[in-house]
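Novice: See structure.csv below, with CSV, C-alpha atoms.
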chain,number,residue,atom,x,y,z
A,1,MET,CA,-8.5,-14.4,6.2
A,2,THR,CA,-8.7,-15.8,9.7
A,3,THR,CA,-8.7,-13.0,12.3
A,4,LEU,CA,-6.4,-13.2,15.3
A,5,ASP,CA,-9.3,-12.1,17.6
A,6,GLU,CA,-11.9,-14.6,16.2
A,7,GLY,CA,-14.3,-15.5,18.9
A,8,LEU,CA,-13.1,-12.8,21.3
A,9,ASP,CA,-15.4,-10.4,23.1
A,10,PRO,CA,-14.4,-7.1,21.4
A,11,GLY,CA,-14.2,-5.4,24.8
A,12,LEU,CA,-11.9,-8.0,26.3
A,13,GLU,CA,-8.4,-6.7,27.0
A,14,HIS,CA,-7.1,-8.9,29.8
A,15,GLY,CA,-7.8,-12.3,31.3
A,16,GLU,CA,-7.8,-15.8,29.8
A,17,PRO,CA,-9.0,-16.0,26.2
A,18,PRO,CA,-12.1,-18.2,25.6
A,19,VAL,CA,-11.7,-21.9,24.9
A,20,THR,CA,-12.1,-22.7,21.2
A,21,THR,CA,-11.6,-26.4,21.0
A,22,THR,CA,-13.9,-27.8,18.4
A,23,ASP,CA,-16.5,-30.5,19.0
A,24,GLU,CA,-14.7,-32.8,16.6
A,25,GLN,CA,-11.5,-32.5,18.6
A,26,ARG,CA,-13.3,-33.2,21.8
A,27,ALA,CA,-15.1,-36.2,20.3
A,28,ARG,CA,-11.8,-37.7,19.2
A,29,GLY,CA,-10.4,-37.2,22.6
A,30,VAL,CA,-7.3,-35.7,21.1
A,31,THR,CA,-6.9,-33.0,23.7
A,32,PRO,CA,-8.6,-31.6,26.8
A,33,SER,CA,-11.1,-28.9,26.0
A,34,SER,CA,-8.8,-26.1,27.1
A,35,LEU,CA,-6.0,-27.2,24.7
A,36,LEU,CA,-5.6,-27.2,20.9
A,37,PRO,CA,-3.3,-29.4,18.9
A,38,THR,CA,-0.4,-27.9,17.0
A,39,LEU,CA,1.0,-28.9,13.6
A,40,PRO,CA,2.5,-32.4,13.6
A,41,GLY,CA,6.3,-32.7,14.2
A,42,ARG,CA,7.1,-33.7,10.6
A,43,THR,CA,6.1,-30.3,9.3
A,44,TYR,CA,9.1,-28.9,11.1
A,45,VAL,CA,11.7,-31.4,9.9
A,46,ASP,CA,10.5,-33.0,6.7
A,47,PRO,CA,12.5,-31.7,3.6
A,48,ALA,CA,9.5,-32.4,1.4
A,49,TRP,CA,7.2,-30.4,3.5
A,50,PHE,CA,9.7,-27.5,3.6
A,51,ALA,CA,10.0,-27.7,-0.2
A,52,ALA,CA,6.2,-27.4,-0.5
A,53,GLU,CA,6.3,-24.4,1.8
A,54,CYS,CA,8.9,-22.8,-0.4
A,55,GLU,CA,6.8,-23.4,-3.5
A,56,GLU,CA,3.4,-22.5,-2.1
A,57,ILE,CA,4.3,-19.8,0.3
A,58,PHE,CA,7.7,-18.1,0.0
A,59,GLU,CA,7.8,-18.3,-3.8
A,60,ARG,CA,4.3,-17.0,-4.3
A,61,ASP,CA,3.6,-14.5,-1.5
A,62,TRP,CA,5.1,-11.1,-1.1
A,63,PHE,CA,8.5,-11.6,0.6
A,64,CYS,CA,10.3,-8.8,2.4
A,65,ALA,CA,13.8,-8.8,0.9
A,66,VAL,CA,15.9,-5.8,1.7
A,67,ARG,CA,15.7,-2.2,3.1
A,68,GLU,CA,15.7,0.3,0.2
A,69,ASP,CA,18.6,2.1,1.8
A,70,ASP,CA,20.6,-1.1,1.2
A,71,LEU,CA,20.6,-0.1,-2.5
A,72,PRO,CA,21.7,3.5,-2.4
A,73,ASN,CA,23.3,3.8,-5.9
A,74,ALA,CA,23.0,2.5,-9.4
A,75,GLY,CA,24.7,-0.9,-9.3
A,76,SER,CA,24.3,-1.4,-5.6
A,77,PHE,CA,23.1,-4.9,-5.0
A,78,ARG,CA,22.1,-7.5,-2.5
A,79,THR,CA,21.4,-11.2,-2.9
A,80,VAL,CA,18.8,-12.9,-0.7
A,81,THR,CA,17.3,-16.4,-0.5
A,82,VAL,CA,13.6,-16.6,-1.2
A,83,GLY,CA,12.3,-20.1,-1.0
A,84,ARG,CA,14.6,-22.2,-3.1
A,85,GLU,CA,15.9,-19.3,-5.2
A,86,SER,CA,18.7,-16.8,-4.9
A,87,VAL,CA,17.3,-13.4,-5.8
A,88,LEU,CA,19.5,-10.5,-6.9
A,89,LEU,CA,18.3,-7.0,-6.1
A,90,THR,CA,19.8,-3.8,-7.6
A,91,ARG,CA,19.1,-0.2,-8.5
A,92,THR,CA,19.1,0.9,-12.1
A,93,ARG,CA,20.7,4.1,-13.5
A,94,ARG,CA,17.2,5.6,-13.5
A,95,GLY,CA,17.0,5.0,-9.7
A,96,GLU,CA,14.5,2.1,-10.0
A,97,VAL,CA,14.8,-1.1,-8.0
A,98,ARG,CA,14.9,-4.3,-9.9
A,99,ALA,CA,15.0,-7.9,-8.8
A,100,PHE,CA,16.1,-11.0,-10.8
A,101,LEU,CA,16.9,-14.6,-10.3
A,102,ASN,CA,20.6,-14.7,-9.5
A,103,VAL,CA,21.1,-17.2,-12.4
A,104,CYS,CA,23.0,-16.8,-15.6
A,105,ARG,CA,20.9,-17.6,-18.7
A,106,HIS,CA,23.8,-19.5,-20.3
A,107,ARG,CA,24.7,-22.4,-18.1
A,108,GLY,CA,23.1,-21.5,-14.8
A,109,ALA,CA,26.1,-20.1,-12.9
A,110,ARG,CA,25.3,-17.8,-10.0
A,111,ILE,CA,25.9,-14.2,-11.2
A,112,CYS,CA,26.7,-12.7,-7.8
A,113,THR,CA,28.2,-14.9,-5.0
A,114,GLU,CA,28.6,-12.0,-2.6
A,115,ASP,CA,25.8,-11.0,-0.2
A,116,ALA,CA,26.1,-7.3,-1.1
A,117,GLY,CA,28.2,-4.9,-3.1
A,118,GLU,CA,28.2,-2.4,-5.9
A,119,LYS,CA,29.0,-2.8,-9.6
A,120,ARG,CA,30.2,0.1,-11.7
A,121,ARG,CA,28.9,-0.9,-15.1
A,122,ASN,CA,27.1,-4.3,-15.2
A,123,PHE,CA,26.8,-7.8,-13.8
A,124,GLN,CA,29.1,-10.3,-15.4
A,125,CYS,CA,28.8,-14.1,-15.0
A,126,PRO,CA,32.2,-15.3,-13.6
A,127,TYR,CA,32.0,-18.5,-15.6
A,128,HIS,CA,31.6,-17.5,-19.3
A,129,ALA,CA,31.4,-13.7,-19.0
A,130,TRP,CA,27.8,-13.3,-20.1
A,131,THR,CA,27.2,-9.7,-19.1
A,132,TYR,CA,23.9,-8.0,-18.1
A,133,ASP,CA,23.0,-4.4,-17.4
A,134,PHE,CA,21.2,-3.2,-14.3
A,135,GLU,CA,17.9,-3.6,-16.2
A,136,GLY,CA,18.7,-7.3,-16.7
A,137,LYS,CA,19.3,-7.1,-20.4
A,138,LEU,CA,22.1,-9.2,-22.0
A,139,VAL,CA,24.6,-6.7,-23.3
A,140,ALA,CA,27.7,-8.8,-24.0
A,141,ALA,CA,29.0,-12.3,-24.3
A,142,PRO,CA,31.9,-14.0,-26.0
A,143,ASN,CA,31.1,-14.3,-29.7
A,144,LEU,CA,27.6,-12.8,-29.2
A,145,THR,CA,27.8,-10.9,-32.5
A,146,SER,CA,28.0,-14.2,-34.3
A,147,MET,CA,24.7,-15.2,-32.8
A,148,PRO,CA,22.3,-12.5,-34.2
A,149,ASP,CA,19.3,-14.6,-33.5
A,150,VAL,CA,19.8,-14.3,-29.7
A,151,ASP,CA,17.3,-11.8,-28.3
A,152,ARG,CA,19.1,-9.8,-25.7
A,153,VAL,CA,16.0,-9.1,-23.7
A,154,GLU,CA,14.6,-12.6,-23.9
A,155,PHE,CA,18.0,-14.0,-22.8
A,156,GLY,CA,18.4,-11.4,-20.1
A,157,LEU,CA,18.2,-12.0,-16.4
A,158,LYS,CA,14.8,-13.4,-15.3
A,159,ARG,CA,12.9,-10.6,-13.5
A,160,VAL,CA,10.7,-11.1,-10.5
A,161,ALA,CA,8.0,-8.7,-9.2
A,162,VAL,CA,9.0,-5.9,-6.8
A,163,HIS,CA,7.0,-3.6,-4.6
A,164,SER,CA,8.3,-0.9,-2.3
A,165,TRP,CA,6.5,-0.1,0.9
A,166,LEU,CA,7.5,1.3,4.3
A,167,GLY,CA,11.1,1.7,3.1
A,168,TYR,CA,11.5,-2.0,2.3
A,169,VAL,CA,11.6,-3.9,-1.0
A,170,TRP,CA,9.2,-6.8,-1.3
A,171,VAL,CA,9.5,-9.4,-4.0
A,172,SER,CA,7.1,-12.0,-5.4
A,173,LEU,CA,8.2,-15.0,-7.5
A,174,ALA,CA,4.6,-15.8,-8.5
A,175,PRO,CA,5.2,-14.7,-12.1
A,176,LEU,CA,7.7,-17.5,-12.4
A,177,ALA,CA,4.8,-20.0,-11.9
A,178,GLY,CA,2.7,-18.1,-14.5
A,179,GLU,CA,0.7,-16.3,-11.9
A,180,GLU,CA,0.0,-12.8,-10.9
A,181,PRO,CA,1.5,-11.7,-7.5
A,182,PRO,CA,-1.1,-11.7,-4.8
A,183,SER,CA,-2.8,-8.4,-3.9
A,184,PHE,CA,-0.4,-6.5,-1.6
A,185,ALA,CA,-3.4,-4.8,0.0
A,186,ASP,CA,-5.1,-8.1,0.8
A,187,THR,CA,-2.0,-9.8,2.2
A,188,VAL,CA,0.7,-7.7,3.7
A,189,GLU,CA,-1.3,-4.6,4.4
A,190,ALA,CA,-4.2,-6.6,5.6
A,191,ASP,CA,-2.1,-8.4,8.2
A,192,LEU,CA,-1.0,-5.1,9.7
A,193,ALA,CA,-4.4,-3.5,9.5
A,194,GLU,CA,-6.0,-6.6,11.2
A,195,ARG,CA,-3.7,-6.4,14.1
A,196,LEU,CA,-3.7,-2.6,14.5
A,197,GLY,CA,-7.4,-2.1,13.7
A,198,SER,CA,-6.5,-0.2,10.5
A,199,LEU,CA,-3.4,1.1,8.7
A,200,GLU,CA,-4.0,4.6,10.2
A,201,PRO,CA,-2.0,4.0,13.4
A,202,LEU,CA,1.0,2.9,11.4
A,203,ALA,CA,1.2,6.3,9.7
A,204,ALA,CA,2.4,7.8,13.0
A,205,TYR,CA,5.7,5.9,12.8
A,206,ASP,CA,6.4,7.0,9.2
A,207,VAL,CA,8.5,3.8,8.9
A,208,GLY,CA,9.7,4.7,5.3
A,209,SER,CA,11.5,7.8,6.5
A,210,LEU,CA,13.4,6.1,9.3
A,211,LYS,CA,17.0,5.0,9.1
A,212,VAL,CA,18.8,1.9,10.2
A,213,GLY,CA,20.6,2.6,13.5
A,214,ARG,CA,21.7,-1.0,14.0
A,215,ARG,CA,21.4,-4.3,12.1
A,216,ILE,CA,22.0,-7.7,13.6
A,217,THR,CA,21.8,-10.9,11.7
A,218,TYR,CA,21.0,-14.2,13.6
A,219,ASP,CA,21.6,-17.7,12.2
A,220,VAL,CA,19.0,-19.8,14.0
A,221,ALA,CA,19.1,-23.6,14.1
A,222,ALA,CA,15.3,-23.9,14.1
A,223,ASN,CA,12.3,-24.1,11.7
A,224,TRP,CA,10.8,-20.8,10.6
A,225,LYS,CA,7.4,-21.7,12.0
A,226,LEU,CA,8.8,-22.2,15.5
A,227,ILE,CA,10.1,-18.6,15.3
A,228,VAL,CA,6.7,-17.3,14.2
A,229,GLU,CA,4.9,-19.1,16.9
A,230,ASN,CA,7.3,-17.8,19.5
A,231,PHE,CA,6.8,-14.2,18.4
A,232,MET,CA,3.0,-14.6,18.4
A,233,GLU,CA,2.7,-15.6,22.1
A,234,CYS,CA,3.9,-14.4,25.5
A,235,TYR,CA,3.2,-17.5,27.5
A,236,HIS,CA,7.0,-17.8,27.7
A,237,CYS,CA,7.8,-14.2,28.6
A,238,ALA,CA,7.9,-14.5,32.4
A,239,THR,CA,10.2,-17.5,32.1
A,240,ILE,CA,12.8,-16.3,29.7
A,241,HIS,CA,12.4,-12.5,29.2
A,242,PRO,CA,13.2,-10.8,32.5
A,243,GLU,CA,14.3,-7.5,30.9
A,244,LEU,CA,11.2,-7.3,28.6
A,245,THR,CA,8.7,-8.0,31.4
A,246,GLU,CA,10.4,-5.3,33.5
A,247,VAL,CA,9.6,-2.8,30.7
A,248,LEU,CA,6.2,-4.4,29.8
A,249,PRO,CA,4.8,-5.8,33.1
A,250,GLU,CA,1.6,-7.1,31.5
A,251,PHE,CA,3.7,-9.6,29.5
A,252,ALA,CA,4.5,-11.4,32.7
A,253,ASP,CA,0.9,-12.5,32.7
A,254,GLY,CA,1.5,-14.5,29.5
A,255,LEU,CA,-0.8,-12.7,27.2
A,256,ALA,CA,0.7,-11.5,23.9
A,257,ALA,CA,-0.3,-8.0,22.9
A,258,GLN,CA,-0.9,-9.4,19.4
A,259,TYR,CA,-3.9,-11.3,20.6
A,260,TYR,CA,-6.0,-8.2,20.9
A,261,VAL,CA,-6.8,-6.0,17.9
A,262,GLY,CA,-5.5,-2.5,18.5
A,263,HIS,CA,-4.0,-3.2,21.9
A,264,GLY,CA,-0.5,-2.1,22.8
A,265,ALA,CA,1.3,-3.3,25.9
A,266,GLU,CA,1.8,-0.4,28.3
A,267,PHE,CA,5.3,0.5,29.7
A,268,GLY,CA,5.7,0.0,33.5
A,269,GLU,CA,5.1,3.1,35.7
A,270,GLU,CA,8.8,3.5,36.5
A,271,VAL,CA,10.0,2.8,33.0
A,272,ALA,CA,11.2,5.9,31.1
A,273,GLY,CA,12.0,4.3,27.7
A,274,PHE,CA,12.0,1.0,25.7
A,275,THR,CA,15.6,0.3,26.8
A,276,VAL,CA,17.4,-2.6,28.4
A,277,ASP,CA,17.3,-0.9,31.8
A,278,GLY,CA,14.2,1.3,31.4
A,279,THR,CA,16.3,4.5,31.1
A,280,PRO,CA,15.1,7.2,28.6
A,281,GLY,CA,15.5,6.4,24.9
A,282,PHE,CA,14.9,9.2,22.4
A,283,ASP,CA,12.2,11.8,21.7
A,284,PRO,CA,9.0,10.2,20.4
A,285,LEU,CA,8.7,10.1,16.6
A,286,PRO,CA,7.0,13.2,15.3
A,287,GLY,CA,3.7,11.6,14.5
A,288,MET,CA,3.2,9.8,17.8
A,289,THR,CA,-0.2,10.2,19.3
A,290,ASP,CA,-1.0,10.2,23.0
A,291,ASP,CA,-2.7,6.8,22.7
A,292,GLN,CA,0.5,5.3,21.2
A,293,ASP,CA,2.9,6.9,23.6
A,294,ARG,CA,4.4,4.5,26.1
A,295,ARG,CA,3.0,1.5,24.2
A,296,TYR,CA,4.5,-1.4,22.4
A,297,TYR,CA,2.7,-3.0,19.4
A,298,ALA,CA,3.8,-6.3,17.8
A,299,VAL,CA,2.6,-7.5,14.4
A,300,THR,CA,3.2,-10.7,12.5
A,301,VAL,CA,3.1,-10.2,8.7
A,302,ARG,CA,2.9,-13.5,7.0
A,303,PRO,CA,5.0,-15.2,6.0
A,304,GLN,CA,8.3,-13.8,7.4
A,305,VAL,CA,8.1,-10.3,8.9
A,306,PHE,CA,7.7,-9.2,12.5
A,307,VAL,CA,7.1,-5.5,13.2
A,308,ASN,CA,7.6,-4.0,16.6
A,309,LEU,CA,6.4,-0.4,17.2
A,310,VAL,CA,7.5,1.7,20.2
A,311,PRO,CA,7.3,5.5,20.5
A,312,ASP,CA,10.8,6.4,19.5
A,313,HIS,CA,11.8,3.6,17.1
A,314,VAL,CA,10.7,0.6,15.1
A,315,ILE,CA,12.2,-2.9,15.2
A,316,TRP,CA,11.8,-4.8,12.0
A,317,HIS,CA,12.6,-8.6,11.7
A,318,ARG,CA,12.6,-10.5,8.4
A,319,MET,CA,13.3,-14.2,8.2
A,320,TYR,CA,15.0,-16.1,5.4
A,321,PRO,CA,14.1,-19.7,5.8
A,322,MET,CA,17.1,-21.7,4.6
A,323,GLY,CA,15.9,-25.2,5.3
A,324,PRO,CA,13.7,-27.2,7.6
A,325,ASP,CA,16.0,-26.6,10.6
A,326,ARG,CA,17.7,-23.3,9.8
A,327,THR,CA,16.4,-19.8,9.5
A,328,VAL,CA,18.5,-16.6,9.1
A,329,VAL,CA,16.8,-13.6,10.8
A,330,GLU,CA,17.9,-10.0,9.9
A,331,CYS,CA,16.8,-7.4,12.5
A,332,ASP,CA,16.8,-3.7,11.8
A,333,TRP,CA,16.5,-1.1,14.6
A,334,LEU,CA,15.0,2.0,12.8
A,335,TYR,CA,15.2,5.5,14.2
A,336,ALA,CA,14.6,9.1,13.1
A,337,PRO,CA,17.4,10.2,10.7
A,338,GLY,CA,18.7,12.8,13.2
A,339,VAL,CA,19.0,10.2,15.9
A,340,VAL,CA,21.0,7.9,13.7
A,341,GLU,CA,23.3,10.7,12.6
A,342,ALA,CA,23.9,11.9,16.2
A,343,ALA,CA,24.5,8.4,17.5
A,344,THR,CA,26.4,6.8,14.7
A,345,GLY,CA,27.8,9.5,12.5
A,346,ASP,CA,31.4,10.6,12.1
A,347,ASP,CA,30.9,13.1,15.0
A,348,ALA,CA,28.7,10.9,17.1
A,349,ASP,CA,27.7,12.2,20.5
A,350,PRO,CA,28.8,9.6,23.1
A,351,ALA,CA,25.6,10.1,25.1
A,352,MET,CA,23.4,9.5,22.1
A,353,ALA,CA,25.5,6.5,21.2
A,354,ALA,CA,25.0,5.1,24.7
A,355,ARG,CA,21.2,5.6,24.4
A,356,LEU,CA,21.1,3.8,21.1
A,357,ASP,CA,23.1,0.9,22.6
A,358,ALA,CA,20.7,0.6,25.5
A,359,SER,CA,17.8,0.8,23.1
A,360,VAL,CA,19.1,-2.0,20.8
A,361,GLU,CA,20.3,-4.2,23.7
A,362,LEU,CA,16.8,-4.8,25.0
A,363,PHE,CA,15.4,-6.5,21.9
A,364,HIS,CA,18.8,-8.0,21.1
A,365,ARG,CA,18.5,-9.9,24.4
A,366,VAL,CA,14.9,-10.8,23.6
A,367,ASN,CA,16.0,-12.1,20.2
A,368,ALA,CA,18.8,-14.2,21.7
A,369,GLN,CA,16.5,-15.6,24.4
A,370,ASP,CA,13.7,-16.4,21.9
A,371,PHE,CA,16.1,-18.1,19.3
A,372,GLU,CA,17.7,-20.2,22.0
A,373,ALA,CA,14.2,-21.4,23.0
A,374,CYS,CA,13.4,-22.2,19.4
A,375,GLU,CA,16.7,-24.1,19.0
A,376,ARG,CA,15.8,-26.0,22.2
A,377,CYS,CA,12.5,-27.1,20.5
A,378,GLN,CA,13.8,-28.0,17.1
A,379,PRO,CA,15.5,-31.4,17.9
A,380,ALA,CA,12.2,-32.7,19.5
A,381,MET,CA,10.2,-32.0,16.3
A,382,GLY,CA,11.5,-35.3,15.0
A,383,SER,CA,10.7,-37.2,18.1
A,384,ARG,CA,8.2,-40.0,18.0
A,385,LEU,CA,6.5,-38.3,21.0
A,386,TYR,CA,5.9,-35.2,18.8
A,387,ALA,CA,4.6,-37.1,15.8
A,388,ASP,CA,1.1,-35.7,16.4
A,389,GLY,CA,2.4,-32.4,17.6
A,390,GLY,CA,2.1,-30.6,20.9
A,391,VAL,CA,-0.7,-28.4,22.3
A,392,LEU,CA,-1.6,-24.8,22.6
A,393,VAL,CA,-2.9,-23.4,25.9
A,394,PRO,CA,-5.7,-20.8,25.9
A,395,SER,CA,-3.4,-17.8,25.7
A,396,GLU,CA,-1.8,-19.4,22.6
A,397,HIS,CA,-5.0,-20.3,20.8
A,398,HIS,CA,-4.6,-17.6,18.2
A,399,ILE,CA,-1.6,-19.5,16.8
A,400,GLU,CA,-4.1,-22.0,15.5
A,401,ALA,CA,-5.0,-19.5,12.8
A,402,PHE,CA,-1.4,-19.4,11.7
A,403,HIS,CA,-1.3,-23.2,11.6
A,404,ALA,CA,-4.5,-23.4,9.6
A,405,TRP,CA,-3.1,-20.9,7.2
A,406,VAL,CA,0.1,-23.0,6.7
A,407,ARG,CA,-1.9,-26.2,6.3
A,408,ASP,CA,-4.2,-24.6,3.8
A,409,ARG,CA,-1.4,-23.2,1.7
A,410,VAL,CA,0.6,-26.5,1.6
A,411,GLU,CA,-2.1,-29.2,1.6
A,412,GLY,CA,-4.8,-27.1,0.0
A,413,GLN,CA,-2.6,-26.4,-3.0
A,414,SER,CA,-1.5,-30.0,-3.6
Could you express the structure from this file as structure tokens?
Specialist:
Amino acid sequence: MTTLDEGLDPGLEHGEPPVTTTDEQRARGVTPSSLLPTLPGRTYVDPAWFAAECEEIFERDWFCAVREDDLPNAGSFRTVTVGRESVLLTRTRRGEVRAFLNVCRHRGARICTEDAGEKRRNFQCPYHAWTYDFEGKLVAAPNLTSMPDVDRVEFGLKRVAVHSWLGYVWVSLAPLAGEEPPSFADTVEADLAERLGSLEPLAAYDVGSLKVGRRITYDVAANWKLIVENFMECYHCATIHPELTEVLPEFADGLAAQYYVGHGAEFGEEVAGFTVDGTPGFDPLPGMTDDQDRRYYAVTVRPQVFVNLVPDHVIWHRMYPMGPDRTVVECDWLYAPGVVEAATGDDADPAMAARLDASVELFHRVNAQDFEACERCQPAMGSRLYADGGVLVPSEHHIEAFHAWVRDRVEGQS
């Protein structure tokens, strides 16, 4: 795995990152020595390239699908897009989470057309009434008793691999290609550990115990890679994020906290909380350490998760790439259960609700600003001027590792 801090002085916390342009690039005269080339424009617009990303990345890796709390009861379900597939997630009567391709085994009709809901007894195809239990087994169909040779398990819904971690359900479609899912520890956990220095700091936030205080879904007219690249750098922060740079002054210098292993951006001296106006948020989460207090940590978990850690809550983005030029982003603001109950429950405290609004509003604005910037870039990805791509300035050089990973997955597998 390519490390985000490759080539950095381990003691470096601020200042311009070192230049890493290769001798080969300099010899070709492609870019000045302080700049690195990006991926070519076609990788952001070409349907064939996107299809390859679906096959080699989204349909093989662990993909964060839903929050476990989205499936509270037996028969609760959600449908999500993973690569080129619709995946149906549900909870069985034994309380276990299952995931299946949302495809009837008879003639291929979609089993569930809703994004979410709850079934009392089973899933029934609306076309020919083939019926499946919550374990995916075929339990009924017209004239099924006259077809005794039909194996009800074999002709059940096609199961995909699931893994629960940090309160989220992750799926892998690798078994559909006859492969084992990748090691969760070597992929998802490794990305978090690499950024934070280890998984130990993550324990302080106890993400699995938190509750969703607010969820906002964004439909972004941009390629998923543009969104990842944007999240990984802060060269743009002084230009488009006035609220964020007020709370995190070091971001105005253009250096993303992600660049440095274990580093969290410090709140401004006059800032009381991670809120849109710097007013107090909520009490720190119970496990918060002195080193983590008043710090913001951002982590990219490939291929489609962003984790944002602050003392009193966690902001969790997950992307659903829908096409070369469209990405749906679902963002959860996670808080201690008592906070969510006090701020959103039937007897909500107006003061607590106002605090939650101020807390959510900060990153909601950041999201809107970022996604507008990505949508501004997307049309130019097909420009002749961008055929060979753009460039990365020194404070963005760590994005090259992400580009290399994408290239290796798409071109290295072909």
Novice: Using all atoms listed in the file, which residue out of A:Val97, A:Ala373, A:Leu157, A:Leu35 lies closest to His398 in chain A?
Specialist: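 Of A:Val97, A:Ala373, A:Leu157, A:Leu35, the one nearest His398 in chain A, counting all atoms listed in the file, is A:Leu35.
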Novice: Show which residues sit within 8 Å of range 357-359 of chain A, as a PyMOL selection string. Count all atoms listed in the file, and ignore same-chain residues fewer than 2 positions away.
Specialist: chain A and resi 274-277+281+353-355+361-363
Novice: Report as a PyMOL selection string all protein, DNA and RNA residues lying within 12 Å of Thr245 in chain A, evaluated on only C-alpha atoms, omitting residues in the same chain fewer than 2 positions from it.
Specialist: chain A and resi 234-243+247-256+265-268+271+274-278+296+362-363+366
Novice: Those residues you just picked out, can you put them in a file as a CSV table (one decimal), in the frame of the given file with C-alpha atoms?
Specialist:
chain,number,residue,atom,x,y,z
A,234,CYS,CA,3.9,-14.4,25.5
A,235,TYR,CA,3.2,-17.5,27.5
A,236,HIS,CA,7.0,-17.8,27.7
A,237,CYS,CA,7.8,-14.2,28.6
A,238,ALA,CA,7.9,-14.5,32.4
A,239,THR,CA,10.2,-17.5,32.1
A,240,ILE,CA,12.8,-16.3,29.7
A,241,HIS,CA,12.4,-12.5,29.2
A,242,PRO,CA,13.2,-10.8,32.5
A,243,GLU,CA,14.3,-7.5,30.9
A,247,VAL,CA,9.6,-2.8,30.7
A,248,LEU,CA,6.2,-4.4,29.8
A,249,PRO,CA,4.8,-5.8,33.1
A,250,GLU,CA,1.6,-7.1,31.5
A,251,PHE,CA,3.7,-9.6,29.5
A,252,ALA,CA,4.5,-11.4,32.7
A,253,ASP,CA,0.9,-12.5,32.7
A,254,GLY,CA,1.5,-14.5,29.5
A,255,LEU,CA,-0.8,-12.7,27.2
A,256,ALA,CA,0.7,-11.5,23.9
A,265,ALA,CA,1.3,-3.3,25.9
A,266,GLU,CA,1.8,-0.4,28.3
A,267,PHE,CA,5.3,0.5,29.7
A,268,GLY,CA,5.7,0.0,33.5
A,271,VAL,CA,10.0,2.8,33.0
A,274,PHE,CA,12.0,1.0,25.7
A,275,THR,CA,15.6,0.3,26.8
A,276,VAL,CA,17.4,-2.6,28.4
A,277,ASP,CA,17.3,-0.9,31.8
A,278,GLY,CA,14.2,1.3,31.4
A,296,TYR,CA,4.5,-1.4,22.4
A,362,LEU,CA,16.8,-4.8,25.0
A,363,PHE,CA,15.4,-6.5,21.9
A,366,VAL,CA,14.9,-10.8,23.6
Novice: List every residue of range 81-180 of chain A that has an atom at most 12 Å from any atom of range 322-337 of chain A, and for each one report the closest atom pair and its distance in Å to one decimal, counting only C-alpha atoms, with rows sorted by chain and then by increasing residue number, as JSON lines.
Specialist:
{"residue": "A:Thr81", "atom": "CA", "partner": "A:Met322", "partner_atom": "CA", "distance": 7.4}
{"residue": "A:Val82", "atom": "CA", "partner": "A:Met322", "partner_atom": "CA", "distance": 8.5}
{"residue": "A:Gly83", "atom": "CA", "partner": "A:Met322", "partner_atom": "CA", "distance": 7.5}
{"residue": "A:Arg84", "atom": "CA", "partner": "A:Met322", "partner_atom": "CA", "distance": 8.1}
{"residue": "A:Glu85", "atom": "CA", "partner": "A:Met322", "partner_atom": "CA", "distance": 10.2}
{"residue": "A:Ser86", "atom": "CA", "partner": "A:Met322", "partner_atom": "CA", "distance": 10.8}
{"residue": "A:Leu166", "atom": "CA", "partner": "A:Leu334", "partner_atom": "CA", "distance": 11.4}
{"residue": "A:Gly167", "atom": "CA", "partner": "A:Leu334", "partner_atom": "CA", "distance": 10.5}
{"residue": "A:Tyr168", "atom": "CA", "partner": "A:Asp332", "partner_atom": "CA", "distance": 11.0}
Novice: Name all residues at most 12 Å from range 108-122 of chain A (count only C-alpha atoms; drop same-chain ones fewer than 2 positions away) and give them as an MDAnalysis selection string.
Specialist: chainID A and resid 66 70:81 85:93 100:106 124:140 156:158
Novice: Give me, as a tab-separated table, each residue of range 36-72 of chain A that comes within 9 Å of range 305-321 of chain A, together with its shortest interatomic pair and the distance in Å at one decimal, counting all atoms listed in the file, with rows ordered by chain and rising residue number.
Specialist:
residue	atom	partner	partner_atom	distance
A:Cys54	CA	A:Pro321	CA	8.7
A:Phe58	CA	A:Pro321	CA	8.8
A:Phe63	CA	A:Val305	CA	8.4
A:Cys64	CA	A:Arg318	CA	6.6
A:Ala65	CA	A:Arg318	CA	7.8
A:Val66	CA	A:Arg318	CA	8.8
Novice: So which residues touch range 41-53 of chain A within 12 Å, counting only C-alpha atoms, skipping near sequence neighbours fewer than 6 positions away, as a count of residues only?
Specialist: 50
Novice: Report, in Å to a single decimal, how far apart CA of Glu96 in chain A and CA of Val171 in chain A are.
Specialist: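 Rounded to one decimal, the two atoms are 13.9 Å apart.
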Novice: For each of A:Asp191, A:Val220, A:Pro286, A:Glu246, take the minimum atom-to-atom distance to Ala368 in chain A, counting only C-alpha atoms, then give the residue where this is smallest.
Specialist: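 Looking at the shortest contact to Ala368 in chain A, the residue is A:Val220.
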Novice: What is the distance, in Å and to one decimal place, between CA of Ile399 in chain A and CA of Met232 in chain A?
Specialist: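 CA of Met232 in chain A lies 6.9 Å from CA of Ile399 in chain A.
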Novice: Calculate how many Å separate CA of Val169 in chain A from CA of Gly262 in chain A, rounding to one decimal.
Specialist: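 Pair CA of Val169 in chain A / CA of Gly262 in chain A returns 26.0 Å.
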Novice: With distances taken over all atoms listed in the file, which of A:Glu189, A:Glu180, A:Glu229, A:Glu56 is nearest to Leu392 in chain A?
Specialist: A:Glu229
Novice: Let me make sure I understand: among A:Trp62, A:Gly264, A:Arg107, A:His163, which one has the smallest atom-to-atom distance to Gln304 in chain A if we use all atoms listed in the file?
Specialist: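 Selected residue with least distance to Gln304 in chain A: A:Trp62.
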Novice: Which one of A:Ile57, A:Leu285, A:Ala298, A:Ala401 sits closest to Val207 in chain A if you count only C-alpha atoms?
Specialist: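 Checking each candidate against Val207 in chain A, we get A:Leu285 as the closest.
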